[in-house]
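Source file: work27.tsv (TSV, C-alpha atoms and all ligand atoms)
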```
chain	number	residue	atom	x	y	z
A	75	MET	CA	9.54	23.50	-5.89
A	76	SER	CA	12.62	21.48	-6.71
A	77	GLU	CA	15.05	24.42	-6.76
A	78	HIS	CA	16.38	25.98	-3.59
A	79	VAL	CA	14.22	28.80	-2.24
A	80	CYS	CA	16.27	31.96	-1.62
A	81	PRO	CA	16.38	32.70	2.13
A	82	GLY	CA	16.60	36.45	1.47
A	83	ARG	CA	14.36	39.47	1.48
A	84	CYS	CA	13.02	38.63	-1.99
A	85	ASN	CA	10.81	35.98	-0.38
A	86	ALA	CA	9.43	38.15	2.41
A	87	ARG	CA	6.00	38.27	0.78
A	88	PRO	CA	5.40	34.52	0.30
A	89	ARG	CA	6.78	33.89	3.82
A	90	ARG	CA	4.27	36.39	5.22
A	91	GLN	CA	1.48	34.81	3.14
A	92	VAL	CA	2.29	31.39	4.61
A	93	GLU	CA	2.13	32.79	8.16
A	94	GLU	CA	-1.10	34.65	7.51
A	95	HIS	CA	-2.65	31.56	5.98
A	96	ALA	CA	-1.67	29.44	9.00
A	97	ARG	CA	-3.30	31.99	11.31
A	98	ALA	CA	-6.45	32.07	9.16
A	99	VAL	CA	-6.68	28.24	9.21
A	100	THR	CA	-6.38	28.20	13.03
A	101	ALA	CA	-9.17	30.78	13.29
A	102	TRP	CA	-11.29	28.78	10.85
A	103	GLN	CA	-10.80	25.53	12.82
A	104	LYS	CA	-12.02	27.31	15.96
A	105	ALA	CA	-15.03	28.71	14.11
A	106	MET	CA	-15.79	25.24	12.71
A	107	ALA	CA	-15.70	23.66	16.20
A	108	GLU	CA	-18.15	26.30	17.43
A	109	TRP	CA	-20.35	25.82	14.39
A	110	ILE	CA	-20.49	22.02	14.85
A	111	ALA	CA	-21.36	22.43	18.53
A	112	ALA	CA	-24.08	25.01	17.80
A	113	ASP	CA	-27.82	24.23	17.53
A	114	PRO	CA	-28.36	23.10	13.88
A	115	THR	CA	-31.77	24.83	13.74
A	116	THR	CA	-30.43	28.27	14.61
A	117	ARG	CA	-26.77	28.31	13.51
A	118	GLY	CA	-25.66	30.24	10.44
A	119	ALA	CA	-23.84	29.03	7.36
A	120	GLU	CA	-20.82	26.73	7.67
A	121	PRO	CA	-17.61	28.84	7.90
A	122	ASP	CA	-15.58	28.80	4.68
A	123	ARG	CA	-12.12	27.31	4.80
A	124	PRO	CA	-9.55	30.06	3.94
A	125	ALA	CA	-8.40	29.84	0.32
A	126	GLU	CA	-4.83	28.63	-0.31
A	127	PRO	CA	-2.65	31.65	-1.15
A	128	THR	CA	-0.81	31.76	-4.46
A	129	LEU	CA	2.87	31.73	-3.50
A	130	ARG	CA	5.55	33.05	-5.80
A	131	TRP	CA	8.91	31.96	-4.40
A	132	THR	CA	12.18	33.24	-5.83
A	133	ALA	CA	14.72	30.49	-6.42
A	134	GLY	CA	18.35	30.84	-5.42
A	135	THR	CA	21.21	30.67	-7.93
A	136	PRO	CA	22.15	28.26	-6.40
A	137	LEU	CA	21.21	29.28	-2.83
A	138	TRP	CA	20.69	33.05	-2.70
A	139	CYS	CA	19.08	34.85	-5.64
A	140	LEU	CA	21.15	37.36	-7.61
A	141	ASN	CA	19.63	40.39	-5.85
A	142	ASP	CA	20.27	39.04	-2.38
A	143	SER	CA	23.77	37.88	-3.31
A	144	ALA	CA	24.47	41.45	-4.43
A	145	ALA	CA	23.00	42.78	-1.16
A	146	ILE	CA	25.29	40.46	0.82
A	147	ARG	CA	28.33	41.57	-1.17
A	148	ALA	CA	27.44	45.23	-0.63
A	149	ALA	CA	26.89	44.67	3.10
A	150	LEU	CA	30.16	42.74	3.47
A	151	THR	CA	32.29	45.34	1.73
A	152	ASP	CA	30.54	48.16	3.64
A	153	LEU	CA	31.25	46.57	7.05
A	154	ASP	CA	34.62	48.29	7.18
A	155	GLU	CA	33.24	51.77	6.65
A	156	GLN	CA	30.25	51.27	8.95
A	157	MET	CA	32.56	50.02	11.69
A	158	THR	CA	34.77	53.09	11.27
A	159	LEU	CA	31.71	55.32	11.59
A	160	ARG	CA	30.60	53.32	14.61
A	161	LEU	CA	33.99	53.83	16.29
A	162	LEU	CA	33.98	57.52	15.42
A	163	ALA	CA	30.51	57.90	16.87
A	164	ALA	CA	31.49	56.06	20.03
A	165	ASP	CA	34.72	57.89	20.82
A	166	GLY	CA	33.36	61.39	20.31
A	167	HIS	CA	35.81	62.38	17.57
A	168	GLY	CA	33.02	62.79	15.08
A	169	SER	CA	34.58	65.78	13.37
A	170	LEU	CA	37.82	63.91	12.66
A	171	ASN	CA	38.44	63.38	8.98
A	172	LEU	CA	37.51	59.83	8.10
A	173	GLU	CA	40.38	59.35	5.63
A	174	GLU	CA	42.95	60.35	8.24
A	175	ARG	CA	41.48	57.93	10.68
A	176	VAL	CA	41.43	55.02	8.28
A	177	SER	CA	44.99	55.38	7.02
A	178	GLY	CA	46.49	56.82	10.19
A	179	SER	CA	48.12	55.06	13.09
A	180	VAL	CA	46.09	52.49	14.96
A	181	GLU	CA	45.06	53.44	18.44
A	182	PRO	CA	45.33	50.82	21.15
A	183	PRO	CA	41.96	49.20	21.77
A	184	SER	CA	40.13	50.90	24.61
A	185	PRO	CA	37.45	49.28	26.74
A	186	SER	CA	34.33	50.40	24.90
A	187	PRO	CA	31.26	48.64	23.50
A	188	ALA	CA	32.26	49.76	19.99
A	189	HIS	CA	35.72	48.20	20.26
A	190	ASP	CA	34.24	45.06	21.78
A	191	GLN	CA	31.89	44.88	18.82
A	192	LEU	CA	34.78	45.33	16.41
A	193	ASP	CA	36.71	42.48	18.07
A	194	GLU	CA	33.63	40.27	18.02
A	195	LEU	CA	33.04	41.00	14.33
A	196	VAL	CA	36.67	40.21	13.46
A	197	ARG	CA	36.41	36.90	15.36
A	198	TRP	CA	33.18	36.09	13.53
A	199	LEU	CA	34.71	36.82	10.11
A	200	ARG	CA	37.85	34.83	10.96
A	201	ASP	CA	35.71	31.84	11.91
A	202	TRP	CA	34.07	31.98	8.49
A	203	GLU	CA	37.40	32.29	6.72
A	204	ARG	CA	38.62	29.27	8.67
A	205	ALA	CA	35.46	27.30	7.89
A	206	TYR	CA	35.71	28.00	4.17
A	207	ARG	CA	39.44	27.24	4.05
A	208	ASP	CA	38.69	23.90	5.76
A	209	THR	CA	36.12	22.96	3.12
A	210	GLN	CA	38.70	23.66	0.38
A	211	GLY	CA	41.59	21.92	2.13
A	212	TRP	CA	43.54	25.19	2.20
A	213	PRO	CA	46.14	26.11	4.84
A	214	PRO	CA	45.09	28.29	7.80
A	215	ALA	CA	44.79	32.04	7.33
A	216	PRO	CA	47.91	34.16	7.81
A	217	TYR	CA	48.08	36.53	10.79
A	218	ARG	CA	45.88	39.50	9.95
A	219	GLY	CA	46.65	41.80	12.86
A	220	GLU	CA	44.13	43.12	15.31
A	221	SER	CA	41.20	45.52	15.31
A	222	ALA	CA	40.61	47.74	12.26
A	223	PRO	CA	43.44	46.40	10.00
A	224	ALA	CA	42.29	42.84	10.74
A	225	LEU	CA	38.75	43.78	9.78
A	226	THR	CA	39.89	45.31	6.47
A	227	SER	CA	42.00	42.26	5.68
A	228	CYS	CA	39.30	39.69	6.62
A	229	VAL	CA	36.64	41.53	4.65
A	230	ALA	CA	38.92	41.68	1.60
A	231	TRP	CA	39.63	37.96	1.74
A	232	LEU	CA	36.00	37.00	2.21
A	233	ALA	CA	34.86	39.38	-0.55
A	234	ALA	CA	37.36	37.74	-2.92
A	235	HIS	CA	35.92	34.29	-2.08
A	236	LEU	CA	32.30	35.35	-1.69
A	237	ASP	CA	30.97	33.55	-4.76
A	238	GLY	CA	32.39	30.28	-3.51
A	239	LEU	CA	31.12	30.85	0.02
A	240	LEU	CA	27.61	31.72	-1.15
A	241	ALA	CA	27.52	28.62	-3.36
A	242	HIS	CA	28.63	26.30	-0.54
A	243	PRO	CA	25.62	24.28	0.66
A	244	ASP	CA	26.77	24.08	4.30
A	245	LEU	CA	28.00	27.65	4.74
A	246	SER	CA	25.99	29.84	2.39
A	247	VAL	CA	22.80	30.55	4.30
A	248	ALA	CA	24.32	31.12	7.74
A	249	PHE	CA	27.15	33.25	6.38
A	250	GLY	CA	24.93	35.41	4.14
A	251	SER	CA	22.31	35.97	6.85
A	252	GLY	CA	25.04	36.75	9.36
A	253	VAL	CA	26.65	39.38	7.12
A	254	LEU	CA	23.29	41.07	6.59
A	255	SER	CA	22.46	41.15	10.30
A	256	TRP	CA	25.96	42.34	11.30
A	257	HIS	CA	25.70	45.13	8.75
A	258	ALA	CA	22.24	46.17	9.96
A	259	GLU	CA	23.36	46.15	13.59
A	260	ILE	CA	26.54	48.14	13.08
A	261	SER	CA	25.08	50.72	10.74
A	262	ALA	CA	22.16	51.26	13.15
A	263	ALA	CA	24.61	51.76	16.01
A	264	ALA	CA	26.72	54.10	13.88
A	265	LYS	CA	23.68	56.25	13.15
A	266	THR	CA	21.99	56.37	16.52
A	267	LYS	CA	25.12	57.07	18.51
A	268	ARG	CA	26.19	60.04	16.40
A	269	ARG	CA	25.70	63.47	17.84
A	270	ARG	CA	23.44	65.89	16.06
A	271	ILE	CA	24.92	69.36	15.92
A	272	ALA	CA	22.61	72.38	15.84
A	273	MET	CA	23.67	74.96	13.25
A	274	GLN	CA	23.63	78.70	13.96
A	275	MET	CA	22.13	79.99	10.72
A	276	ARG	CA	18.41	79.91	10.23
A	277	CYS	CA	16.82	77.70	7.58
A	278	PRO	CA	16.74	79.50	4.18
A	279	GLN	CA	13.30	78.04	3.50
A	280	CYS	CA	11.31	78.35	6.71
A	281	HIS	CA	13.55	80.87	8.54
A	282	LEU	CA	13.45	78.90	11.78
A	283	ALA	CA	16.52	77.91	13.81
A	284	THR	CA	15.98	74.26	12.92
A	285	LEU	CA	19.09	73.39	10.89
A	286	SER	CA	21.35	70.62	12.17
A	287	LYS	CA	23.75	67.99	10.93
A	288	LEU	CA	24.96	64.60	12.07
A	289	ASP	CA	28.51	64.50	13.36
A	290	GLY	CA	30.85	63.44	10.57
A	291	GLU	CA	28.32	63.98	7.81
A	292	ASP	CA	28.32	66.84	5.29
A	293	ARG	CA	24.56	67.17	4.90
A	294	ILE	CA	22.66	69.83	6.81
A	295	GLU	CA	18.96	69.29	7.25
A	296	CYS	CA	16.03	71.34	8.50
A	297	HIS	CA	13.99	69.65	11.20
A	298	ASN	CA	10.86	71.70	10.89
A	299	ARG	CA	8.29	69.20	9.62
A	300	ASP	CA	6.33	71.96	7.88
A	301	CYS	CA	9.42	73.35	6.13
A	302	GLY	CA	9.07	73.41	2.34
A	303	ALA	CA	5.54	71.99	2.47
A	304	ASN	CA	4.88	73.39	-1.03
A	305	ARG	CA	8.40	72.85	-2.31
A	306	GLY	CA	9.14	69.18	-1.87
A	307	GLY	CA	9.99	68.97	1.81
A	308	PRO	CA	12.44	70.31	4.38
A	309	ALA	CA	15.60	72.08	3.24
A	310	VAL	CA	18.77	70.03	2.75
A	311	LEU	CA	22.07	71.88	2.31
A	312	THR	CA	25.63	70.90	1.57
A	313	LEU	CA	28.39	72.38	3.73
A	314	ASP	CA	29.28	74.72	0.84
A	315	GLU	CA	25.72	75.93	0.55
A	316	TYR	CA	25.61	76.53	4.27
A	317	ALA	CA	28.90	78.43	4.14
A	318	GLY	CA	27.44	80.55	1.33
A	319	LEU	CA	24.42	81.24	3.49
A	320	ALA	CA	26.58	82.36	6.41
A	321	GLU	CA	28.71	84.54	4.14
A	322	GLY	CA	25.59	86.11	2.63
A	323	ALA	CA	24.32	86.95	6.08
A	324	LEU	CA	27.63	88.57	7.01
A	325	ILE	CA	27.60	90.68	3.84
A	326	ALA	CA	23.98	91.64	4.46
A	327	SER	CA	24.82	92.78	7.96
A	328	GLY	CA	27.65	94.95	6.58
A	329	ARG	CA	30.39	93.11	8.42
A	330	GLY	CA	31.63	90.83	5.68
A	331	ALA	CA	34.64	91.30	3.49
A	332	SER	CA	33.61	92.57	0.05
A	401	ZN	ZN	16.57	36.41	-2.81
A	402	ZN	ZN	13.30	74.82	7.18
```
Go through the file and emit its structure as structure tokens.
Ligand SMILES: [Zn+2]
Ligand SMILES: [Zn+2]
Amino acid sequence: MSEHVCPGRCNARPRRQVEEHARAVTAWQKAMAEWIAADPTTRGAEPDRPAEPTLRWTAGTPLWCLNDSAAIRAALTDLDEQMTLRLLAADGHGSLNLEERVSGSVEPPSPSPAHDQLDELVRWLRDWERAYRDTQGWPPAPYRGESAPALTSCVAWLAAHLDGLLAHPDLSVAFGSGVLSWHAEISAAAKTKRRRIAMQMRCPQCHLATLSKLDGEDRIECHNRDCGANRGGPAVLTLDEYAGLAEGALIASGRGAS
């Protein structure tokens, strides 16, 4: 096709079809070699060459398609929050209010993998800002501070120039793919490193002591796989619902305030 093929997730299926077809052709060539070498009086039918797959590629507008451009924008603007969660998860202050942390005073960087990752991400984003400024003949970026404030500031600048970046033939594909993989990496680290806290109250659905929540999250989930089998799955409670549950139990036991 004459248009540019989007390098994003939208083309996962045709890319897989191309790989599968290549594997099928290799297998067919091997079968053909065996067939040719076999005794013509006893060999079976000639192996069929695998049919060419019908490929439906999505074109970019101009490089990434609209869906993947939107995914890159969402990932870029979410980097800030995911990095904050990642730092919270790493330093064990999971219960700290996120808003306080974001707007509060900046702590000096401590030697930790999470802070190293933050510094690496800021360097990576700065390099892209520099590269794009160079292509436009713009002056170098102003000083953007260090650590979390630098991340916020870099992300804001890149988000404001994202359309231009994603339309730039030399920068678009590497920048877009990089943003997506950074986002996947940081959000995975933010999730896996967070502590799961076991809750005291029993599950209102299955009555087992299987309720827990992730540090810093306000969703309480039941981890009994059989919970709510006839009611659409395991129980999920908000903090308020859980508090109501605990209060109800106190009242039921005669110890609660009326
Ligand atoms: Zn796409
Ligand atoms: Zn349950």
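Interatomic distance, CA of Leu199 in chain A against CA of Cys84 in chain A: 24.9 Å.
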Sorted by chain and rising residue number, list the residues of chain A at most 9 Å from ligand ZN 402 (chain A) (counting all atoms listed in the file), each with its closest atom pair and distance in Å to one decimal, as JSON lines.
```
{"residue": "A:Arg276", "atom": "CA", "partner": "A:ZN402", "partner_atom": "ZN", "distance": 7.8}
{"residue": "A:Cys277", "atom": "CA", "partner": "A:ZN402", "partner_atom": "ZN", "distance": 4.6}
{"residue": "A:Pro278", "atom": "CA", "partner": "A:ZN402", "partner_atom": "ZN", "distance": 6.5}
{"residue": "A:Gln279", "atom": "CA", "partner": "A:ZN402", "partner_atom": "ZN", "distance": 4.9}
{"residue": "A:Cys280", "atom": "CA", "partner": "A:ZN402", "partner_atom": "ZN", "distance": 4.1}
{"residue": "A:His281", "atom": "CA", "partner": "A:ZN402", "partner_atom": "ZN", "distance": 6.2}
{"residue": "A:Leu282", "atom": "CA", "partner": "A:ZN402", "partner_atom": "ZN", "distance": 6.2}
{"residue": "A:Ala283", "atom": "CA", "partner": "A:ZN402", "partner_atom": "ZN", "distance": 8.0}
{"residue": "A:Thr284", "atom": "CA", "partner": "A:ZN402", "partner_atom": "ZN", "distance": 6.4}
{"residue": "A:Leu285", "atom": "CA", "partner": "A:ZN402", "partner_atom": "ZN", "distance": 7.0}
{"residue": "A:Glu295", "atom": "CA", "partner": "A:ZN402", "partner_atom": "ZN", "distance": 7.9}
{"residue": "A:Cys296", "atom": "CA", "partner": "A:ZN402", "partner_atom": "ZN", "distance": 4.6}
{"residue": "A:His297", "atom": "CA", "partner": "A:ZN402", "partner_atom": "ZN", "distance": 6.6}
{"residue": "A:Asn298", "atom": "CA", "partner": "A:ZN402", "partner_atom": "ZN", "distance": 5.4}
{"residue": "A:Arg299", "atom": "CA", "partner": "A:ZN402", "partner_atom": "ZN", "distance": 7.9}
{"residue": "A:Asp300", "atom": "CA", "partner": "A:ZN402", "partner_atom": "ZN", "distance": 7.6}
{"residue": "A:Cys301", "atom": "CA", "partner": "A:ZN402", "partner_atom": "ZN", "distance": 4.3}
{"residue": "A:Gly302", "atom": "CA", "partner": "A:ZN402", "partner_atom": "ZN", "distance": 6.6}
{"residue": "A:Gly307", "atom": "CA", "partner": "A:ZN402", "partner_atom": "ZN", "distance": 8.6}
{"residue": "A:Pro308", "atom": "CA", "partner": "A:ZN402", "partner_atom": "ZN", "distance": 5.4}
{"residue": "A:Ala309", "atom": "CA", "partner": "A:ZN402", "partner_atom": "ZN", "distance": 5.3}
{"residue": "A:Val310", "atom": "CA", "partner": "A:ZN402", "partner_atom": "ZN", "distance": 8.5}
```
Open item on the list: Report, in Å with one decimal, the straight-line distance from CA of Gly211 in chain A to CA of Ala230 in chain A.
Closed with: 19.9 Å
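The coordinates place CA of Ala164 in chain A at 8.0 Å from CA of Ser186 in chain A.
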Task: Contacts of ligand ZN 401 (chain A), 10 Å or closer, only C-alpha atoms and all ligand atoms, given as an MDAnalysis selection string - done: chainID A and resid 79:86 131:135 137:145
Task: Nearby residues (all atoms listed in the file) at most 12 Å from Gly238 in chain A, same-chain spacing under 2 positions excluded, as a list of chain:residue names - done: A:Pro136, A:Leu137, A:Ser143, A:Glu203, A:Tyr206, A:Arg207, A:Thr209, A:Gln210, A:Trp231, A:Leu232, A:Ala233, A:Ala234, A:His235, A:Leu236, A:Leu240, A:Ala241, A:His242, A:Pro243, A:Asp244, A:Leu245, A:Ser246, A:Phe249, A:Gly250
Task: Surrounding residues of Thr128 in chain A excluding itself and chain neighbours under 6 positions, 10 Å, only C-alpha atoms, as a PyMOL selection string - done: chain A and resi 88+91-92
Task: From A:Ala258, A:Asp292, A:Ile325, A:Met106, residue lying nearest Arg160 in chain A [all atoms listed in the file] - done: A:Ala258
- [ ] Determine the nearest neighbour of Leu150 in chain A from the options A:Ala263, A:Leu324, A:Ile271, A:Leu254, counting only C-alpha atoms.
- [x] A:Leu254
Open item on the list: Let me make sure I understand: among A:Pro114, A:Ala149, A:Gln103, A:Arg90, which one has the smallest atom-to-atom distance to Ser261 in chain A if we use all atoms listed in the file?
Closed with: A:Ala149
